[in-house]
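For reference, my_file-v3.cif (mmCIF, C-alpha atoms):
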data_input
#
loop_
_atom_site.label_atom_id
_atom_site.label_comp_id
_atom_site.auth_asym_id
_atom_site.auth_seq_id
_atom_site.Cartn_x
_atom_site.Cartn_y
_atom_site.Cartn_z
CA MET A 14 3.52 22.26 -21.00
CA SER A 15 4.36 24.29 -17.90
CA GLU A 16 1.92 25.22 -15.19
CA SER A 17 2.23 27.96 -12.59
CA ILE A 18 1.12 26.88 -9.16
CA ILE A 19 1.74 27.76 -5.53
CA LEU A 20 3.27 25.21 -3.21
CA SER A 21 3.02 25.59 0.55
CA VAL A 22 6.24 24.33 2.12
CA ASN A 23 6.85 24.59 5.87
CA GLY A 24 4.18 27.28 6.08
CA MET A 25 5.67 29.47 3.31
CA GLN A 26 4.01 29.98 -0.09
CA TYR A 27 6.25 29.35 -3.11
CA PRO A 28 5.03 30.22 -6.61
CA VAL A 29 6.63 27.80 -9.09
CA THR A 30 6.30 27.17 -12.82
CA ILE A 31 6.86 23.53 -13.61
CA ASP A 32 6.31 20.83 -16.20
CA GLN A 33 3.52 18.36 -15.60
CA GLY A 34 5.87 15.41 -15.16
CA ARG A 35 8.10 17.02 -12.51
CA ASN A 36 8.27 15.13 -9.25
CA LEU A 37 7.82 16.93 -5.97
CA LEU A 38 11.39 16.17 -4.87
CA SER A 39 13.01 17.97 -7.79
CA VAL A 40 10.77 21.00 -7.28
CA ILE A 41 11.50 21.19 -3.53
CA ARG A 42 15.23 21.00 -4.19
CA GLY A 43 15.48 22.89 -7.48
CA GLU A 44 12.74 25.53 -7.39
CA VAL A 45 11.93 26.01 -3.71
CA GLY A 46 15.63 25.67 -2.87
CA LEU A 47 15.39 23.45 0.20
CA THR A 48 18.03 20.76 -0.18
CA GLY A 49 17.56 18.87 3.11
CA THR A 50 15.32 16.39 1.30
CA LYS A 51 17.55 13.91 -0.55
CA GLU A 52 17.37 11.93 -3.76
CA GLY A 53 18.47 8.36 -3.10
CA CYS A 54 17.07 5.62 -5.30
CA ASP A 55 14.59 7.87 -7.17
CA ASP A 56 12.41 4.77 -7.21
CA CYS A 57 10.18 4.84 -4.12
CA GLU A 58 12.37 2.30 -2.30
CA CYS A 59 14.84 4.09 -0.01
CA GLY A 60 12.87 6.88 1.71
CA ALA A 61 15.62 9.53 1.52
CA CYS A 62 13.10 11.82 -0.21
CA MET A 63 10.39 11.45 2.46
CA VAL A 64 8.33 14.57 3.14
CA LEU A 65 4.99 15.03 4.86
CA LEU A 66 1.93 15.98 2.86
CA ASP A 67 -0.82 17.21 5.18
CA GLY A 68 1.07 15.36 7.92
CA GLN A 69 1.31 11.99 6.12
CA PRO A 70 4.58 10.54 4.82
CA VAL A 71 5.06 10.60 1.05
CA ASN A 72 7.98 9.58 -1.19
CA SER A 73 8.47 12.92 -2.94
CA CYS A 74 10.52 11.32 -5.74
CA SER A 75 7.44 9.48 -6.93
CA TYR A 76 4.77 12.10 -6.37
CA LEU A 77 3.84 14.65 -9.00
CA ALA A 78 4.51 18.19 -7.80
CA LEU A 79 1.25 19.35 -9.37
CA GLN A 80 -0.64 17.02 -7.05
CA ALA A 81 0.79 18.77 -4.00
CA GLN A 82 -0.83 22.15 -4.73
CA GLY A 83 -3.23 23.19 -1.99
CA ARG A 84 -1.65 20.78 0.49
CA GLU A 85 0.82 21.55 3.26
CA ILE A 86 4.26 20.13 2.58
CA THR A 87 6.66 19.64 5.48
CA THR A 88 10.34 18.98 4.87
CA VAL A 89 13.14 18.37 7.33
CA GLU A 90 13.80 22.12 7.39
CA GLY A 91 10.28 22.52 8.79
CA VAL A 92 10.78 20.46 11.94
CA LEU A 93 13.28 22.87 13.55
CA ASN A 94 12.12 24.79 16.62
CA GLY A 95 13.41 28.16 15.48
CA ASP A 96 17.18 27.69 15.51
CA ALA A 97 16.99 24.83 18.00
CA MET A 98 17.14 21.22 16.92
CA HIS A 99 14.01 19.11 17.13
CA PRO A 100 14.36 16.46 19.88
CA LEU A 101 14.45 13.81 17.14
CA GLN A 102 17.48 15.46 15.57
CA ARG A 103 19.26 15.82 18.90
CA ASN A 104 18.51 12.25 19.94
CA LEU A 105 19.65 10.87 16.59
CA LEU A 106 22.99 12.61 17.13
CA GLU A 107 23.30 11.64 20.79
CA ALA A 108 22.27 8.00 20.30
CA GLY A 109 24.62 7.53 17.35
CA GLY A 110 21.78 7.23 14.85
CA VAL A 111 23.62 9.41 12.32
CA GLN A 112 26.71 8.24 10.46
CA CYS A 113 26.90 9.47 6.86
CA GLY A 114 23.59 11.26 7.45
CA PHE A 115 22.11 10.86 3.98
CA CYS A 116 19.07 8.92 5.19
CA THR A 117 18.57 11.13 8.25
CA PRO A 118 16.16 13.74 6.81
CA GLY A 119 13.88 10.98 5.53
CA MET A 120 14.12 9.09 8.83
CA ILE A 121 13.13 12.26 10.69
CA MET A 122 10.09 12.80 8.50
CA SER A 123 8.88 9.19 8.87
CA ALA A 124 9.51 9.30 12.62
CA THR A 125 7.66 12.63 12.90
CA ALA A 126 4.61 11.15 11.18
CA LEU A 127 4.84 8.05 13.38
CA LEU A 128 5.04 10.02 16.64
CA GLN A 129 2.10 12.21 15.66
CA ARG A 130 0.00 9.10 15.09
CA THR A 131 1.50 6.91 17.84
CA PRO A 132 3.04 9.03 20.61
CA ALA A 133 4.35 6.02 22.57
CA PRO A 134 5.35 3.43 19.97
CA THR A 135 6.70 -0.02 20.76
CA GLU A 136 9.99 -1.03 19.18
CA GLU A 137 8.05 -3.03 16.56
CA GLU A 138 5.88 0.01 15.79
CA VAL A 139 8.99 2.15 15.32
CA ARG A 140 10.46 -0.45 12.96
CA VAL A 141 7.23 -0.59 10.94
CA GLY A 142 7.03 3.21 10.93
CA LEU A 143 10.58 3.44 9.53
CA SER A 144 10.22 0.45 7.21
CA GLY A 145 10.23 2.68 4.11
CA ASN A 146 13.59 4.22 5.03
CA LEU A 147 16.88 2.50 4.23
CA CYS A 148 20.07 3.20 6.20
CA ARG A 149 23.30 1.62 4.99
CA CYS A 150 25.45 2.75 7.95
CA THR A 151 23.89 2.32 11.35
CA GLY A 152 22.18 -1.05 11.33
CA TYR A 153 19.04 0.78 12.55
CA THR A 154 19.40 -0.06 16.26
CA LYS A 155 20.57 3.43 17.25
CA ILE A 156 17.91 5.05 15.07
CA VAL A 157 15.14 3.04 16.73
CA GLU A 158 16.62 3.97 20.12
CA ALA A 159 16.63 7.66 19.21
CA VAL A 160 12.96 7.56 18.18
CA GLN A 161 11.96 5.79 21.38
CA ARG A 162 14.02 8.24 23.47
CA THR A 163 12.26 11.13 21.71
CA ALA A 164 8.87 9.57 22.34
CA ALA A 165 9.65 9.24 26.04
CA GLU A 166 10.85 12.86 26.19
CA LEU A 167 7.81 14.24 24.39
CA GLN A 168 5.50 12.13 26.56
CA GLY A 169 7.21 13.38 29.70
CA SER A 170 7.09 17.04 28.73
CA MET B 1 -0.71 17.92 -22.25
CA SER B 2 -3.01 18.75 -19.37
CA PHE B 3 -3.40 18.21 -15.65
CA THR B 4 -6.77 18.79 -14.05
CA ILE B 5 -8.01 18.24 -10.54
CA ALA B 6 -11.46 16.65 -10.42
CA ARG B 7 -13.78 17.65 -7.58
CA THR B 8 -16.56 15.20 -8.48
CA VAL B 9 -16.77 11.77 -10.09
CA GLU B 10 -18.66 13.39 -12.99
CA ASP B 11 -15.76 15.82 -13.59
CA ALA B 12 -13.37 12.89 -13.62
CA LEU B 13 -15.55 10.84 -15.99
CA ALA B 14 -15.80 13.76 -18.41
CA ALA B 15 -12.01 14.20 -18.41
CA ILE B 16 -11.48 10.46 -18.86
CA ALA B 17 -13.97 10.39 -21.74
CA ALA B 18 -11.91 13.16 -23.35
CA GLY B 19 -8.80 10.98 -23.12
CA ALA B 20 -7.26 11.78 -19.73
CA ARG B 21 -5.99 9.02 -17.46
CA PRO B 22 -6.89 9.04 -13.75
CA ILE B 23 -4.21 9.44 -11.10
CA ALA B 24 -4.76 9.03 -7.35
CA GLY B 25 -1.56 8.43 -5.35
CA GLY B 26 0.53 7.82 -8.46
CA THR B 27 2.53 5.06 -6.78
CA ASP B 28 2.28 2.81 -9.85
CA LEU B 29 1.89 5.42 -12.57
CA VAL B 30 4.78 7.72 -11.64
CA VAL B 31 7.26 4.98 -10.73
CA GLY B 32 6.28 3.04 -13.84
CA ALA B 33 6.84 6.09 -16.03
CA ARG B 34 10.36 6.57 -14.73
CA HIS B 35 11.14 2.92 -15.31
CA GLY B 36 10.17 3.36 -18.92
CA LYS B 37 7.40 0.79 -18.44
CA ALA B 38 4.87 3.27 -19.83
CA ALA B 39 5.32 6.98 -20.41
CA LEU B 40 3.39 9.24 -18.10
CA PRO B 41 0.07 9.87 -19.89
CA ALA B 42 -0.05 13.28 -21.60
CA ASP B 43 -3.39 14.15 -20.04
CA LEU B 44 -4.00 13.41 -16.38
CA VAL B 45 -6.99 13.95 -14.14
CA ALA B 46 -6.27 13.82 -10.40
CA ILE B 47 -9.08 11.99 -8.60
CA ASP B 48 -7.62 12.14 -5.09
CA ARG B 49 -9.67 15.20 -4.04
CA ILE B 50 -13.11 13.87 -4.92
CA ALA B 51 -15.13 14.20 -1.72
CA GLY B 52 -16.32 10.89 -0.32
CA LEU B 53 -14.48 8.68 -2.80
CA ASP B 54 -12.27 7.45 0.06
CA ASP B 55 -15.20 6.43 2.28
CA ILE B 56 -15.24 2.98 3.83
CA THR B 57 -18.85 2.03 4.60
CA ALA B 58 -19.74 -1.09 6.55
CA GLY B 59 -23.36 -2.16 6.86
CA SER B 60 -25.65 -5.17 6.97
CA ALA B 61 -25.32 -5.60 3.20
CA GLY B 62 -21.54 -5.79 3.40
CA LEU B 63 -18.62 -3.45 2.91
CA THR B 64 -18.09 -0.71 0.32
CA LEU B 65 -14.63 0.71 -0.21
CA GLY B 66 -14.51 3.95 -2.17
CA ALA B 67 -11.84 3.66 -4.85
CA ASN B 68 -9.67 6.22 -3.05
CA ALA B 69 -9.65 4.32 0.27
CA SER B 70 -5.97 4.05 1.16
CA HIS B 71 -4.22 0.88 2.28
CA HIS B 72 -3.53 2.66 5.57
CA ALA B 73 -7.24 3.32 6.12
CA ILE B 74 -8.18 -0.24 5.16
CA GLU B 75 -5.53 -1.80 7.40
CA HIS B 76 -6.72 0.20 10.42
CA HIS B 77 -10.48 0.03 9.86
CA PRO B 78 -11.91 -2.09 12.70
CA VAL B 79 -14.64 -3.72 10.59
CA VAL B 80 -12.22 -4.60 7.78
CA ALA B 81 -9.70 -6.02 10.24
CA GLY B 82 -12.40 -7.96 12.10
CA SER B 83 -14.65 -9.28 9.31
CA TYR B 84 -12.62 -8.95 6.11
CA SER B 85 -9.26 -9.88 7.60
CA ALA B 86 -7.67 -11.20 4.39
CA LEU B 87 -8.03 -7.75 2.84
CA ALA B 88 -6.56 -6.00 5.90
CA ASP B 89 -3.70 -8.56 5.95
CA GLY B 90 -2.94 -7.62 2.33
CA SER B 91 -3.19 -3.83 2.66
CA ALA B 92 -0.95 -3.93 5.74
CA LEU B 93 1.84 -5.55 3.67
CA VAL B 94 1.84 -3.09 0.76
CA GLY B 95 5.12 -1.15 0.44
CA SER B 96 5.92 1.20 3.32
CA PRO B 97 3.84 3.56 5.49
CA ALA B 98 4.25 6.19 2.74
CA THR B 99 3.02 3.80 0.04
CA ARG B 100 0.09 2.78 2.21
CA HIS B 101 -0.94 6.39 2.81
CA VAL B 102 -1.06 7.43 -0.84
CA GLY B 103 -1.76 4.05 -2.47
CA THR B 104 -5.46 3.33 -3.01
CA ILE B 105 -7.55 0.19 -3.36
CA GLY B 106 -8.93 1.39 -6.70
CA GLY B 107 -5.46 1.96 -8.08
CA ASN B 108 -4.22 -1.35 -6.73
CA VAL B 109 -7.08 -3.30 -8.30
CA MET B 110 -6.93 -1.53 -11.68
CA ASN B 111 -3.13 -1.79 -11.88
CA ALA B 112 -3.76 -5.53 -12.16
CA SER B 113 -0.40 -6.76 -10.93
CA PRO B 114 -0.51 -10.54 -10.41
CA ALA B 115 1.67 -9.99 -7.32
CA MET B 116 -0.71 -7.48 -5.71
CA ASP B 117 -1.30 -8.12 -2.03
CA THR B 118 -5.01 -7.23 -1.88
CA GLY B 119 -6.16 -9.25 -4.90
CA ALA B 120 -6.25 -12.78 -3.47
CA GLY B 121 -8.12 -11.59 -0.39
CA LEU B 122 -10.68 -9.73 -2.50
CA VAL B 123 -11.23 -12.86 -4.60
CA VAL B 124 -11.89 -15.21 -1.66
CA LEU B 125 -14.15 -12.59 -0.06
CA GLY B 126 -16.26 -12.39 -3.24
CA ALA B 127 -15.58 -8.74 -4.10
CA GLU B 128 -17.13 -6.88 -7.00
CA VAL B 129 -15.64 -3.81 -8.66
CA GLU B 130 -17.91 -0.90 -9.61
CA LEU B 131 -16.91 0.64 -12.93
CA ARG B 132 -18.50 3.89 -14.01
CA SER B 133 -18.48 5.93 -17.20
CA LEU B 134 -20.63 8.74 -18.57
CA HIS B 135 -22.83 5.98 -20.02
CA GLY B 136 -23.58 4.20 -16.77
CA THR B 137 -22.36 1.92 -14.02
CA ARG B 138 -21.66 -1.79 -13.94
CA ARG B 139 -20.39 -4.24 -11.37
CA VAL B 140 -17.84 -6.88 -12.29
CA PRO B 141 -16.88 -9.86 -10.09
CA ILE B 142 -13.27 -9.18 -9.28
CA SER B 143 -12.04 -12.55 -10.54
CA GLU B 144 -13.37 -11.55 -13.98
CA LEU B 145 -11.76 -8.08 -13.92
CA TRP B 146 -8.17 -9.04 -14.69
CA SER B 147 -7.31 -10.23 -18.18
CA GLY B 148 -3.52 -10.36 -17.86
CA PRO B 149 -0.56 -8.70 -16.14
CA GLY B 150 -1.45 -4.98 -15.99
CA ARG B 151 -4.64 -5.55 -18.00
CA THR B 152 -8.33 -5.43 -17.10
CA ILE B 153 -11.58 -5.77 -19.01
CA ALA B 154 -12.48 -2.16 -18.12
CA GLN B 155 -13.13 0.12 -21.08
CA PRO B 156 -10.86 3.17 -21.49
CA GLU B 157 -13.69 5.53 -20.49
CA GLU B 158 -14.50 3.60 -17.30
CA LEU B 159 -13.30 4.59 -13.83
CA CYS B 160 -13.24 2.23 -10.86
CA VAL B 161 -15.28 4.09 -8.23
CA ALA B 162 -15.76 1.41 -5.57
CA VAL B 163 -15.06 -2.13 -4.45
CA HIS B 164 -17.97 -3.98 -2.85
CA LEU B 165 -17.72 -7.00 -0.56
CA PRO B 166 -20.70 -9.08 0.61
CA GLN B 167 -21.31 -9.69 4.31
CA PRO B 168 -19.17 -12.68 5.33
CA ALA B 169 -20.96 -15.89 6.33
CA ALA B 170 -21.43 -16.63 10.03
CA ASN B 171 -18.58 -18.67 11.54
CA SER B 172 -16.22 -17.67 8.75
CA GLY B 173 -12.75 -16.17 8.81
CA SER B 174 -10.14 -15.18 6.25
CA ALA B 175 -6.43 -14.57 5.97
CA TYR B 176 -3.80 -13.51 3.41
CA LEU B 177 -0.13 -14.24 3.76
CA ARG B 178 2.86 -14.17 1.49
CA LEU B 179 6.37 -15.47 1.23
CA GLU B 180 8.81 -12.57 1.51
CA TYR B 181 12.57 -12.25 1.71
CA ARG B 182 12.59 -9.09 3.81
CA ARG B 183 10.07 -7.23 5.92
CA ALA B 184 10.01 -3.81 4.30
CA MET B 185 9.25 -2.59 0.78
CA GLU B 186 8.73 -6.16 -0.33
CA ILE B 187 6.76 -7.73 -3.16
CA ALA B 188 5.19 -11.16 -2.71
CA VAL B 189 7.40 -14.00 -3.89
CA VAL B 190 4.14 -15.94 -3.74
CA GLY B 191 1.00 -15.32 -1.68
CA ALA B 192 -2.24 -17.05 -0.74
CA ALA B 193 -5.57 -16.02 0.74
CA ALA B 194 -8.21 -18.31 2.23
CA ASN B 195 -11.78 -17.82 3.40
CA VAL B 196 -13.05 -20.65 5.62
CA THR B 197 -16.52 -21.24 7.04
CA LEU B 198 -16.80 -23.77 9.84
CA ALA B 199 -19.76 -26.03 10.62
CA ALA B 200 -20.98 -26.45 14.22
CA ASP B 201 -18.90 -29.62 14.59
CA GLY B 202 -15.71 -27.82 13.56
CA THR B 203 -15.50 -29.34 10.09
CA VAL B 204 -15.21 -27.21 6.97
CA ALA B 205 -18.53 -25.92 5.62
CA ALA B 206 -16.95 -23.85 2.82
CA VAL B 207 -13.46 -22.88 1.72
CA GLN B 208 -12.11 -20.55 -0.98
CA VAL B 209 -8.43 -20.09 -1.82
CA ALA B 210 -6.76 -17.64 -4.21
CA LEU B 211 -3.08 -17.15 -5.05
CA SER B 212 -0.83 -14.23 -5.95
CA ALA B 213 2.37 -14.12 -8.01
CA VAL B 214 1.95 -17.57 -9.56
CA GLY B 215 0.22 -16.72 -12.83
CA PRO B 216 -0.63 -13.86 -15.20
CA THR B 217 -3.44 -12.81 -12.86
CA ILE B 218 -4.57 -13.69 -9.33
CA VAL B 219 -5.42 -17.42 -9.46
CA SER B 220 -8.67 -18.78 -7.99
CA VAL B 221 -8.07 -22.36 -6.82
CA MET B 222 -10.79 -24.57 -8.28
CA GLY B 223 -12.31 -27.84 -7.09
CA LEU B 224 -12.33 -27.16 -3.35
CA ASP B 225 -16.09 -27.93 -3.06
CA THR B 226 -15.19 -31.55 -2.34
CA LEU B 227 -13.55 -30.47 0.93
CA VAL B 228 -16.90 -29.68 2.60
CA GLY B 229 -17.21 -31.89 5.66
CA SER B 230 -13.50 -32.56 6.04
CA SER B 231 -11.37 -31.52 8.98
CA VAL B 232 -9.47 -28.24 8.81
CA ALA B 233 -6.17 -30.14 8.72
CA ASP B 234 -7.29 -32.29 5.78
CA ALA B 235 -8.73 -29.27 3.96
CA ALA B 236 -5.48 -27.35 4.45
CA GLU B 237 -3.41 -30.21 3.00
CA ALA B 238 -5.77 -30.65 0.05
CA ALA B 239 -5.83 -26.91 -0.62
CA ALA B 240 -2.03 -26.86 -0.57
CA ALA B 241 -1.86 -29.67 -3.14
CA ALA B 242 -4.47 -27.99 -5.33
CA ALA B 243 -2.68 -24.63 -5.10
CA SER B 244 0.65 -26.11 -6.19
CA ALA B 245 -1.03 -28.08 -8.98
CA GLN B 246 -2.99 -25.12 -10.37
CA ALA B 247 -0.25 -22.50 -10.09
CA THR B 248 1.46 -21.53 -13.37
CA PRO B 249 4.45 -19.58 -12.06
CA ILE B 250 7.36 -18.13 -14.00
CA SER B 251 11.03 -18.03 -13.07
CA ASP B 252 12.44 -14.58 -12.55
CA VAL B 253 14.95 -12.70 -10.41
CA ARG B 254 12.82 -13.32 -7.32
CA ALA B 255 12.31 -17.08 -7.49
CA SER B 256 12.28 -20.08 -9.81
CA ASP B 257 9.02 -21.56 -11.05
CA ARG B 258 9.64 -24.79 -9.08
CA TYR B 259 10.28 -22.89 -5.86
CA ARG B 260 7.15 -20.80 -6.36
CA ARG B 261 5.03 -23.88 -7.12
CA HIS B 262 6.19 -25.54 -3.89
CA THR B 263 5.98 -22.51 -1.61
CA VAL B 264 2.57 -21.37 -2.82
CA GLY B 265 1.24 -24.67 -1.47
CA VAL B 266 2.83 -23.95 1.91
CA MET B 267 1.28 -20.47 1.91
CA ALA B 268 -2.13 -21.89 0.92
CA ARG B 269 -1.99 -24.44 3.75
CA ARG B 270 -1.10 -21.79 6.30
CA ALA B 271 -3.76 -19.41 4.94
CA VAL B 272 -6.46 -22.10 5.38
CA GLU B 273 -5.23 -22.92 8.89
CA THR B 274 -5.17 -19.24 9.90
CA ALA B 275 -8.56 -18.47 8.35
CA ALA B 276 -10.03 -21.45 10.23
CA ARG B 277 -8.59 -20.19 13.53
CA ARG B 278 -10.17 -16.82 12.89
CA ALA B 279 -13.44 -18.52 11.92
CA ALA B 280 -13.36 -20.27 15.29
CA GLY B 281 -13.19 -16.88 16.99
CA GLU B 282 -9.48 -16.52 17.64
CA THR B 283 -8.05 -13.01 17.22
CA ILE B 284 -4.87 -13.06 15.16
CA ALA B 285 -3.38 -9.59 14.67
CA ILE B 286 -3.13 -7.94 11.23
CA PRO B 287 -1.01 -8.68 9.26
CA VAL B 288 -0.75 -12.44 9.71
CA ASN B 289 2.74 -12.36 8.19
CA ARG B 290 4.11 -10.48 11.20
CA THR B 291 2.05 -12.31 13.81
CA LEU B 292 3.09 -15.75 12.59
CA GLY B 293 6.65 -14.66 11.86
CA ILE B 294 6.49 -15.63 8.20
CA GLY B 295 9.35 -14.52 6.02
CA ALA B 296 12.52 -12.88 7.21
CA ALA B 297 13.33 -12.96 10.91
CA SER B 298 13.20 -9.66 12.74
#
Rewrite the structure of this file - the entire thing - as C-alpha cells.
Amino acid sequence: MSESIILSVNGMQYPVTIDQGRNLLSVIRGEVGLTGTKEGCDDCECGACMVLLDGQPVNSCSYLALQAQGREITTVEGVLNGDAMHPLQRNLLEAGGVQCGFCTPGMIMSATALLQRTPAPTEEEVRVGLSGNLCRCTGYTKIVEAVQRTAAELQGS
Amino acid sequence: MSFTIARTVEDALAAIAAGARPIAGGTDLVVGARHGKAALPADLVAIDRIAGLDDITAGSAGLTLGANASHHAIEHHPVVAGSYSALADGSALVGSPATRHVGTIGGNVMNASPAMDTGAGLVVLGAEVELRSLHGTRRVPISELWSGPGRTIAQPEELCVAVHLPQPAANSGSAYLRLEYRRAMEIAVVGAAANVTLAADGTVAAVQVALSAVGPTIVSVMGLDTLVGSSVADAAEAAAAAASAQATPISDVRASDRYRRHTVGVMARRAVETAARRAAGETIAIPVNRTLGIGAAS
C-alpha cells in the first residue's frame, strides 16, 4: 500500500508517494532525484548511502523512508555553499582523498556529522567517526588528513 | 499493510495489540528483511517519536534506560561510562556511528542476538527489562528474557519500554570486551563481560561473568561464588577456565568452535582483570577494546 508523505531534503519539501517498504536511499535517488547519495552494499556495511537525519548520520539504505517524514534530511548536495565547494570537498580533492569517488559522498556526510559534534577531532576520533564508511581506493590516510585539514580551517576561520 | 507513528506508549501498545510490530531505528528489522531472514512485517508502528522513551535516568536506586536510548547516548552518558562501564563498553562497539545513533537498547535487547555487545554487560550488572502491554507491566531479569537466538519470552502484545539496572556495589567495577578481526562494523567473534567487587584487602568480594557469541543466548558463567576471597589474578584464571568449560560455541564462517572456546576464556580473564582495575578506582577509557588494543591493530 502506498502512502503520500512530504520529505524535507536539504531544506526543500518533496511530496512523494511510496510503498511502506521503500528505503530512504531509493526514494532520495528515484523520487527526489538527488543521485549524489550512492548505493554500495545495500546492507548497512559500506556507508556509501550515508545521509544526515536531523544532523545525525544514518545509513539510508537500511532506513524506511516513511520514518524520515517530519525530519530534516541532508544529502551531499546539501553541503555546498551555493556553487562553491564545502571545505571538506575541496580538501578531499587537494589531499588526494578522492580516487574513484564512489565512497566520497558518504565520507563527507559522516565527516560533517563528526565535525559538528567534535570540531577539533584527534586522528583516532576521525577514524572512529568514519568507521562506517568503506573506501577501497585510498587506504584512508588521505581522507583522514583532509578531515583534519578541514577541522583546522574551520577552527581558524 | 499499515505504518503508523506512535506519539505515546499507549498508542504503540494499542497498535501492537492490533497486530503491528514496533520499529525504532530499524537496524535489525530492515536489514533482516532484505536478507530474507524475515519479511518486513505488514503492519508497523514507529516508536522512535514517543516523548521521553529515550531518557536515561540515573538516581540512588540505579539506572533506567528508556527503550529508545541510543547506543550513542549510552556510550557518552557520564554515569553509564563511570558506574555501568560494561554497558558503555558494549554500546561503544556496536556497528558504526550511524548504527549507534539509530540503534536502541530496547531493540538490541529484544532482537536477542547471542552476539549482541550489550547483553553480557547487562547480565553481569543485574539488569531487568520492563515489558508493557495493555494489560499491565512486568519486569523480567534479563538473563531470563532470552529463550534462543532471536527469541525472547515476551508475549506478542508486549513492548520493551525500559531497561533497569540496580546501583552498583561500592568498590565494584565492570568491563565488556570482545575478540574482533577488524575495528569497524564488526560483530563479536566472542565476547565477555565481568563485574568485580573488591574487599578492603584487595581480594575479590564478588564476581560475575557473562559471555557473548558462544551459545544460543548470552551465557551466564556459573559457580564463581567459590572465588570470593581469592586474589584478582586467581579469580581471573578461574573465570577463564569456567568460561571455556561452560561455553557451547558453534563453528561458522567467523570462527571454529574450538577457537571460540579457547578465546572466550582469554576474553573472560581480561574482562575480570579490567573490571578489577576499575573497581580499584583506575579510569580506563570506553571502550576497553580500543584502550587495551584488543583485536586488529590500528
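Of the residues under consideration (A:Met63, A:Val92, A:Leu20, A:Val40), A:Met63 shows the shortest atom-to-atom contact distance to chain B when counting only C-alpha atoms.
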Counting only C-alpha atoms, which residues of chain B sit at most 6 Å from some atom of chain A, and what is each one's closest atom pair with its distance in Å to one decimal, listed by chain and rising residue number, as a tab-separated table?
residue	atom	partner	partner_atom	distance
B:Val30	CA	A:Ser75	CA	5.7
B:Val31	CA	A:Ser75	CA	5.9
B:Ser96	CA	A:Gly145	CA	4.6
B:Ala98	CA	A:Val71	CA	4.8
B:Ala184	CA	A:Ser144	CA	5.2
Listed atoms of segment 74-86 of chain B, axis-aligned box, 8 Å per side: centre and edge lengths to one decimal in Å, as AutoDock Vina command-line options?
--center_x -10.1 --center_y -5.5 --center_z 8.5 --size_x 25.1 --size_y 27.4 --size_z 24.3
### Task
To verify the selection step, state as JSON, numbers by chain which residues the PyMOL selection byres ((chain B and resi 106) around 8) yields on this input.
{"B": [66, 67, 68, 69, 104, 105, 107, 108, 109, 110, 160, 161, 162, 163]}
#### Entry: For Lys51 of chain A, the nearest of the candidates A:Met120, A:Leu93, A:Ile19, A:Ala164, counting all atoms listed in the file
A:Met120
